[in-house]
Structures are given as C-alpha cells and as structure tokens.
$ cat data-v6.tsv   # TSV, C-alpha atoms
chain	number	residue	atom	x	y	z
Y	126	MET	CA	0.00	0.00	0.00
Y	127	ALA	CA	1.39	3.42	-0.94
Y	128	PHE	CA	1.09	6.40	1.34
Y	129	LEU	CA	1.76	10.08	0.83
Y	130	ILE	CA	4.44	11.72	2.93
Y	131	LYS	CA	3.42	15.33	3.41
Y	132	ASP	CA	6.86	16.68	4.34
Y	133	MET	CA	10.25	15.28	3.35
Y	134	ILE	CA	11.59	16.75	6.60
Y	135	SER	CA	9.49	17.89	9.55
Y	136	VAL	CA	10.96	19.45	12.69
Y	137	ARG	CA	8.74	20.34	15.65
Y	138	ASN	CA	10.00	22.11	18.77
Y	139	LEU	CA	13.53	20.68	18.47
Y	140	ARG	CA	15.89	21.39	21.36
Y	141	LYS	CA	19.42	20.25	22.00
Y	142	LEU	CA	21.09	20.85	25.35
Y	143	TYR	CA	24.67	20.18	26.36
Y	144	GLU	CA	24.25	20.18	30.13
Y	145	GLU	CA	23.19	23.82	30.71
Y	146	PHE	CA	24.15	25.13	27.24
Y	147	VAL	CA	21.27	25.43	24.76
Y	148	ALA	CA	22.66	24.59	21.28
Y	149	VAL	CA	19.28	24.42	19.50
Y	150	ASP	CA	16.33	26.24	21.05
Y	151	ASP	CA	12.80	25.20	20.10
Y	152	ILE	CA	12.99	25.32	16.28
Y	153	SER	CA	10.29	24.12	13.92
Y	154	PHE	CA	10.17	23.90	10.12
Y	155	GLU	CA	9.08	21.71	7.20
Y	156	ILE	CA	10.85	20.99	3.92
Y	157	GLN	CA	9.00	19.70	0.86
Y	158	LYS	CA	10.35	17.61	-2.01
Y	159	GLY	CA	12.30	19.70	-4.52
Y	160	GLU	CA	13.04	22.52	-2.08
Y	161	ILE	CA	16.61	23.63	-1.55
Y	162	VAL	CA	16.85	25.12	1.93
Y	163	GLY	CA	19.78	26.77	3.65
Y	164	LEU	CA	20.22	27.18	7.38
Y	165	LEU	CA	21.67	30.63	8.00
Y	166	GLY	CA	23.14	32.04	11.17
Y	167	PRO	CA	26.37	33.00	12.89
Y	168	ASN	CA	28.94	30.50	14.11
Y	169	GLY	CA	27.58	28.63	17.11
Y	170	ALA	CA	23.92	29.16	16.16
Y	171	GLY	CA	23.23	25.40	16.01
Y	172	LYS	CA	23.17	24.83	12.23
Y	173	THR	CA	25.53	21.84	12.19
Y	174	THR	CA	23.98	20.45	15.38
Y	175	THR	CA	20.55	20.60	13.71
Y	176	MET	CA	21.86	18.77	10.64
Y	177	ARG	CA	23.47	16.08	12.79
Y	178	ILE	CA	20.16	15.56	14.57
Y	179	LEU	CA	18.27	15.42	11.25
Y	180	THR	CA	20.64	12.71	10.03
Y	181	GLY	CA	20.40	10.60	13.18
Y	182	PHE	CA	24.07	11.10	14.09
Y	183	LEU	CA	23.25	13.09	17.22
Y	184	PRO	CA	20.23	12.78	19.52
Y	185	GLY	CA	18.04	15.77	20.26
Y	186	SER	CA	17.06	16.61	23.83
Y	187	SER	CA	13.38	17.11	22.98
Y	188	GLY	CA	11.02	17.70	20.09
Y	189	GLN	CA	9.99	15.66	17.08
Y	190	VAL	CA	11.95	15.16	13.84
Y	191	THR	CA	10.86	13.04	10.88
Y	192	VAL	CA	12.54	12.40	7.56
Y	193	GLN	CA	10.30	10.84	4.89
Y	194	GLY	CA	7.89	9.87	7.64
Y	195	HIS	CA	10.57	8.10	9.75
Y	196	ASP	CA	11.07	9.37	13.29
Y	197	VAL	CA	14.76	10.26	13.72
Y	198	PHE	CA	14.76	9.33	17.40
Y	199	GLU	CA	12.83	6.04	17.06
Y	200	ASP	CA	14.12	4.77	13.71
Y	201	PRO	CA	17.52	6.35	12.95
Y	202	ILE	CA	18.58	3.49	10.64
Y	203	ALA	CA	15.61	4.09	8.30
Y	204	VAL	CA	16.46	7.80	8.33
Y	205	LYS	CA	20.10	7.11	7.45
Y	206	GLN	CA	18.93	4.93	4.55
Y	207	ALA	CA	16.64	7.71	3.28
Y	208	ILE	CA	19.24	10.47	3.31
Y	209	GLY	CA	22.59	11.34	1.85
Y	210	TYR	CA	24.69	13.35	4.32
Y	211	LEU	CA	27.83	15.29	3.46
Y	212	PRO	CA	29.45	16.82	6.54
Y	213	GLU	CA	31.53	20.00	6.21
Y	214	ASN	CA	34.76	18.02	6.10
Y	215	ALA	CA	33.97	15.07	3.86
Y	216	PRO	CA	35.50	11.91	5.34
Y	217	LEU	CA	37.54	10.69	2.37
Y	218	TYR	CA	40.27	8.08	2.25
Y	219	LEU	CA	42.97	10.10	0.52
Y	220	ASP	CA	45.13	7.09	-0.36
Y	221	MET	CA	42.33	5.50	-2.43
Y	222	LYS	CA	41.53	6.20	-6.04
Y	223	VAL	CA	38.15	7.81	-6.66
Y	224	GLU	CA	36.69	4.63	-8.18
Y	225	GLU	CA	38.01	2.46	-5.33
Y	226	TYR	CA	36.50	4.82	-2.78
Y	227	LEU	CA	33.12	4.82	-4.52
Y	228	GLU	CA	33.26	1.02	-4.77
Y	229	PHE	CA	34.01	0.82	-1.04
Y	230	MET	CA	31.15	3.20	-0.20
Y	231	SER	CA	28.83	1.17	-2.47
Y	232	ASP	CA	29.67	-1.88	-0.40
Y	233	LEU	CA	28.91	-0.02	2.84
Y	234	ARG	CA	25.60	1.19	1.38
Y	235	GLN	CA	24.81	-2.40	0.35
Y	236	ILE	CA	24.31	-1.53	-3.30
Y	237	PRO	CA	23.97	-4.86	-5.13
Y	238	ARG	CA	27.19	-5.84	-6.93
Y	239	ARG	CA	25.39	-6.21	-10.27
Y	240	ASN	CA	24.41	-2.50	-10.10
Y	241	ARG	CA	27.59	-0.97	-8.66
Y	242	ARG	CA	29.63	-0.27	-11.79
Y	243	GLN	CA	26.67	1.36	-13.51
Y	244	ARG	CA	25.77	3.40	-10.43
Y	245	ILE	CA	29.37	4.59	-9.98
Y	246	ARG	CA	29.47	5.66	-13.64
Y	247	GLU	CA	26.17	7.54	-13.21
Y	248	VAL	CA	27.24	9.49	-10.12
Y	249	ALA	CA	30.68	10.16	-11.62
Y	250	GLU	CA	29.00	11.64	-14.69
Y	251	GLN	CA	26.54	13.60	-12.57
Y	252	THR	CA	29.30	15.11	-10.39
Y	253	GLY	CA	31.86	15.68	-13.15
Y	254	LEU	CA	34.24	12.96	-11.97
Y	255	SER	CA	34.21	10.65	-15.00
Y	256	LYS	CA	37.74	11.62	-16.02
Y	257	ARG	CA	39.03	11.44	-12.44
Y	258	LEU	CA	37.94	7.91	-11.45
Y	259	ARG	CA	41.48	6.49	-11.69
Y	260	GLN	CA	43.10	9.35	-9.78
Y	261	GLU	CA	44.14	9.10	-6.17
Y	262	ILE	CA	41.96	11.34	-4.01
Y	263	SER	CA	45.03	12.96	-2.41
Y	264	HIS	CA	45.99	14.35	-5.84
Y	265	LEU	CA	42.64	16.10	-6.37
Y	266	SER	CA	41.90	19.76	-5.72
Y	267	LYS	CA	39.58	20.64	-2.84
Y	268	GLY	CA	36.79	21.22	-5.36
Y	269	TYR	CA	37.16	17.73	-6.81
Y	270	ARG	CA	37.37	16.24	-3.31
Y	271	GLN	CA	34.01	17.90	-2.58
Y	272	ARG	CA	32.67	16.28	-5.75
Y	273	VAL	CA	33.90	12.88	-4.53
Y	274	GLY	CA	32.08	13.46	-1.23
Y	275	LEU	CA	28.94	14.45	-3.11
Y	276	ALA	CA	29.23	11.41	-5.40
Y	277	GLN	CA	29.36	9.03	-2.44
Y	278	VAL	CA	26.30	10.79	-0.94
Y	279	LEU	CA	24.38	10.13	-4.17
Y	280	LEU	CA	25.39	6.46	-4.62
Y	281	HIS	CA	22.35	4.94	-2.93
Y	282	ASP	CA	20.03	7.45	-4.67
Y	283	PRO	CA	18.56	9.03	-1.53
Y	284	GLU	CA	15.50	11.26	-1.74
Y	285	VAL	CA	16.88	13.72	0.84
Y	286	LEU	CA	20.32	15.33	0.73
Y	287	ILE	CA	21.79	17.16	3.71
Y	288	LEU	CA	24.96	19.07	2.88
Y	289	ASP	CA	26.87	20.95	5.59
Y	290	GLU	CA	28.73	23.88	4.00
Y	291	PRO	CA	29.42	22.10	0.70
Y	292	THR	CA	31.27	25.13	-0.72
Y	293	SER	CA	33.43	25.88	2.33
Y	294	GLY	CA	37.04	26.57	1.36
Y	295	LEU	CA	36.42	26.49	-2.39
Y	296	ASP	CA	37.56	29.19	-4.79
Y	297	PRO	CA	34.90	31.36	-6.51
Y	298	ASN	CA	34.81	29.24	-9.69
Y	299	GLN	CA	34.46	26.01	-7.70
Y	300	ILE	CA	31.67	27.58	-5.61
Y	301	ILE	CA	29.74	28.42	-8.78
Y	302	GLU	CA	30.23	24.87	-10.11
Y	303	ILE	CA	29.16	23.17	-6.86
Y	304	ARG	CA	26.12	25.43	-6.45
Y	305	SER	CA	25.09	24.71	-10.04
Y	306	LEU	CA	25.50	20.98	-9.42
Y	307	ILE	CA	23.41	21.23	-6.23
Y	308	ARG	CA	20.66	23.12	-8.09
Y	309	GLU	CA	20.60	20.42	-10.78
Y	310	ILE	CA	20.44	17.62	-8.21
Y	311	GLY	CA	17.80	19.59	-6.25
Y	312	LYS	CA	15.37	19.28	-9.16
Y	313	LYS	CA	14.95	15.58	-8.30
Y	314	LYS	CA	15.82	15.40	-4.60
$ encode --input "data-v6.tsv" --output "structure tokens"
Amino acid sequence: MAFLIKDMISVRNLRKLYEEFVAVDDISFEIQKGEIVGLLGPNGAGKTTTMRILTGFLPGSSGQVTVQGHDVFEDPIAVKQAIGYLPENAPLYLDMKVEEYLEFMSDLRQIPRRNRRQRIREVAEQTGLSKRLRQEISHLSKGYRQRVGLAQVLLHDPEVLILDEPTSGLDPNQIIEIRSLIREIGKKK
C-alpha cells in the first residue's frame, strides 16, 4: 500500500542541550520535495547540530523530527537509509583512487554488486568525476574532493540530501560549479 508523505523533513520544537548550554532552542520547520533550503546564522547558532540531529548522528534533547515519515529518534537506521549526508569536512580516504572509494562506499551502502559499476558511472558523470575515477583522491583539488564526497552521498540514490557547508574553502569558480551541481540535483531530490 502506498502512502503520501506530506513533508520530506518535519521538525517540531527541536531542542538540543549540552548540560546547561542550549545549542538548538525550540525550532520548527518543514521541507517539501524539490526545495533547496539553507540554514543561516552566525557560528555557534546550532546549524551543524541541527543537521546532525536530522541525520540521526546526534540525539536531540526534545522535540519531534521526521525524515520521509521516519522518526529520527525512534528509527535512525531508516532515516540514514533515506538520506545522503555530506558533513563540512567530507570523510575521504585520501590514499584510495576515486573509483576504489566509490566502490568501497557502495559496499557499505549495500548496493547490489550487479548495479555498482553502472551506479558509480552515473554518479561520476553527474558530479563531473568521470575523467578522475582512476586518480588518487590525495591528488585532487579541494573542489574535486568535494565532488567525490557528493558522489558518495548520491550512490544509494537518496530522496533527501543534507549538505553541511558544501562550498566551504572552495575558490569562486568552484563555488559556482558546486552550487550549479546542487541546483541540478535539487530538481529531483
């Protein structure tokens, strides 16, 4: 039986406390399919903390958070399967070649072996990495490393993408390229 999920992401009265320190203070919002949303605020405002809660990597102190109808606090594994998360500093294995890394991440995401090569080719094309697959990640520019991080986020074809400062540290041309890529991906995610 199919059911309609009203909001891709729904946050109601979310709070996160670290002992006495309030990191996230009673925020609420909804995000629909196809929307590209940015969290804006000064350093220490709770943006990264909110994203970590949305992805199930950090528990909230109170409130309700759902991603594609899955409660983040009650079913974090289903949430992690529904999203692609790229933290600010993408955790890449610099001594691996791009293709090896994507193969490794495909294995972790349990992408069936019969589909892996095709899926890696698709995300490499989508992220502009097709000509870089045989290069060692340590030899890539920061912009191409961001693309590798984005490619691994897309491997399992998640409906929801959460990207924490995906253009941080990039030069102006790379920022334009990554933003354009995000806009293109955002048409379907």
$ closest_atom_pairs --input "data-v6.tsv" --of "region 188-307 of chain Y" --to "region 146-155 of chain Y" --cutoff "12 Å" --atoms "only C-alpha atoms" --output "CSV"
residue,atom,partner,partner_atom,distance
Y:Gly188,CA,Y:Asp151,CA,7.7
Y:Gln189,CA,Y:Ser153,CA,9.0
Y:Val190,CA,Y:Ser153,CA,9.1
Y:Thr191,CA,Y:Glu155,CA,9.6
Y:Val192,CA,Y:Glu155,CA,9.9
Y:Gln193,CA,Y:Glu155,CA,11.2
Y:Gly194,CA,Y:Glu155,CA,11.9
$ atom_distance --input "data-v6.tsv" --atom1 "CA of Met221 (chain Y)" --atom2 "CA of Ile262 (chain Y)"
6.1 Å
$ closest_residue --input "data-v6.tsv" --among "Y:Thr175, Y:Val223, Y:Gly163, Y:Asn168" --to "Arg140 (chain Y)" --atoms "all atoms listed in the file"
Y:Thr175
$ residues_around --input "data-v6.tsv" --residues "Tyr210 (chain Y)" --least-positions-apart "2" --cutoff "10 Å" --atoms "all atoms listed in the file" --output "ChimeraX atom specification"
/Y:176-177,179-180,205,207-208,212-213,215,274-275,277-279,283,285-289
$ closest_residue --input "data-v6.tsv" --among "Y:Lys256, Y:Lys141, Y:Arg239, Y:Arg234" --to "His281 (chain Y)" --atoms "all atoms listed in the file"
Y:Arg234
$ closest_residue --input "data-v6.tsv" --among "Y:Leu254, Y:Met133, Y:His264, Y:Val273" --to "Val162 (chain Y)" --atoms "only C-alpha atoms"
Y:Met133
$ atom_distance --input "data-v6.tsv" --atom1 "CA of Ala276 (chain Y)" --atom2 "CA of Ala249 (chain Y)"
6.5 Å
$ axis_aligned_box --input "data-v6.tsv" --around "region 273-278 of chain Y" --padding-each-side "4 Å" --output "JSON"
{"center_x": 30.1, "center_y": 11.7, "center_z": -3.2, "size_x": 15.6, "size_y": 13.4, "size_z": 12.5}
$ residues_near_point --input "data-v6.tsv" --point "(28.4, 22.3, -9.1)" --cutoff "12 Å" --atoms "all atoms listed in the file" --output "ChimeraX atom specification"
/Y:251-254,268-269,271-273,275-276,291-292,295,297-311
$ atom_distance --input "data-v6.tsv" --atom1 "CA of Ala170 (chain Y)" --atom2 "CA of Asn214 (chain Y)"
18.5 Å
$ residues_around --input "data-v6.tsv" --residues "region 224-229 of chain Y" --least-positions-apart "6" --cutoff "7 Å" --atoms "all atoms listed in the file" --output "PyMOL selection string"
chain Y and resi 245+258-259+277
$ residues_near_point --input "data-v6.tsv" --point "(8.1, 17.6, 2.0)" --cutoff "9 Å" --atoms "only C-alpha atoms" --output "tab-separated table (two decimals) with C-alpha atoms, in the frame of the given file"
chain	number	residue	atom	x	y	z
Y	130	ILE	CA	4.44	11.72	2.93
Y	131	LYS	CA	3.42	15.33	3.41
Y	132	ASP	CA	6.86	16.68	4.34
Y	133	MET	CA	10.25	15.28	3.35
Y	134	ILE	CA	11.59	16.75	6.60
Y	135	SER	CA	9.49	17.89	9.55
Y	155	GLU	CA	9.08	21.71	7.20
Y	156	ILE	CA	10.85	20.99	3.92
Y	157	GLN	CA	9.00	19.70	0.86
Y	158	LYS	CA	10.35	17.61	-2.01
Y	159	GLY	CA	12.30	19.70	-4.52
Y	160	GLU	CA	13.04	22.52	-2.08
Y	192	VAL	CA	12.54	12.40	7.56
Y	193	GLN	CA	10.30	10.84	4.89
$ closest_residue --input "data-v6.tsv" --among "Y:Leu211, Y:Leu142, Y:Leu265, Y:Val136" --to "Pro184 (chain Y)" --atoms "only C-alpha atoms"
Y:Leu142
$ closest_residue --input "data-v6.tsv" --among "Y:Met230, Y:Asp296, Y:Gln243, Y:Lys312" --to "Gly209 (chain Y)" --atoms "all atoms listed in the file"
Y:Met230
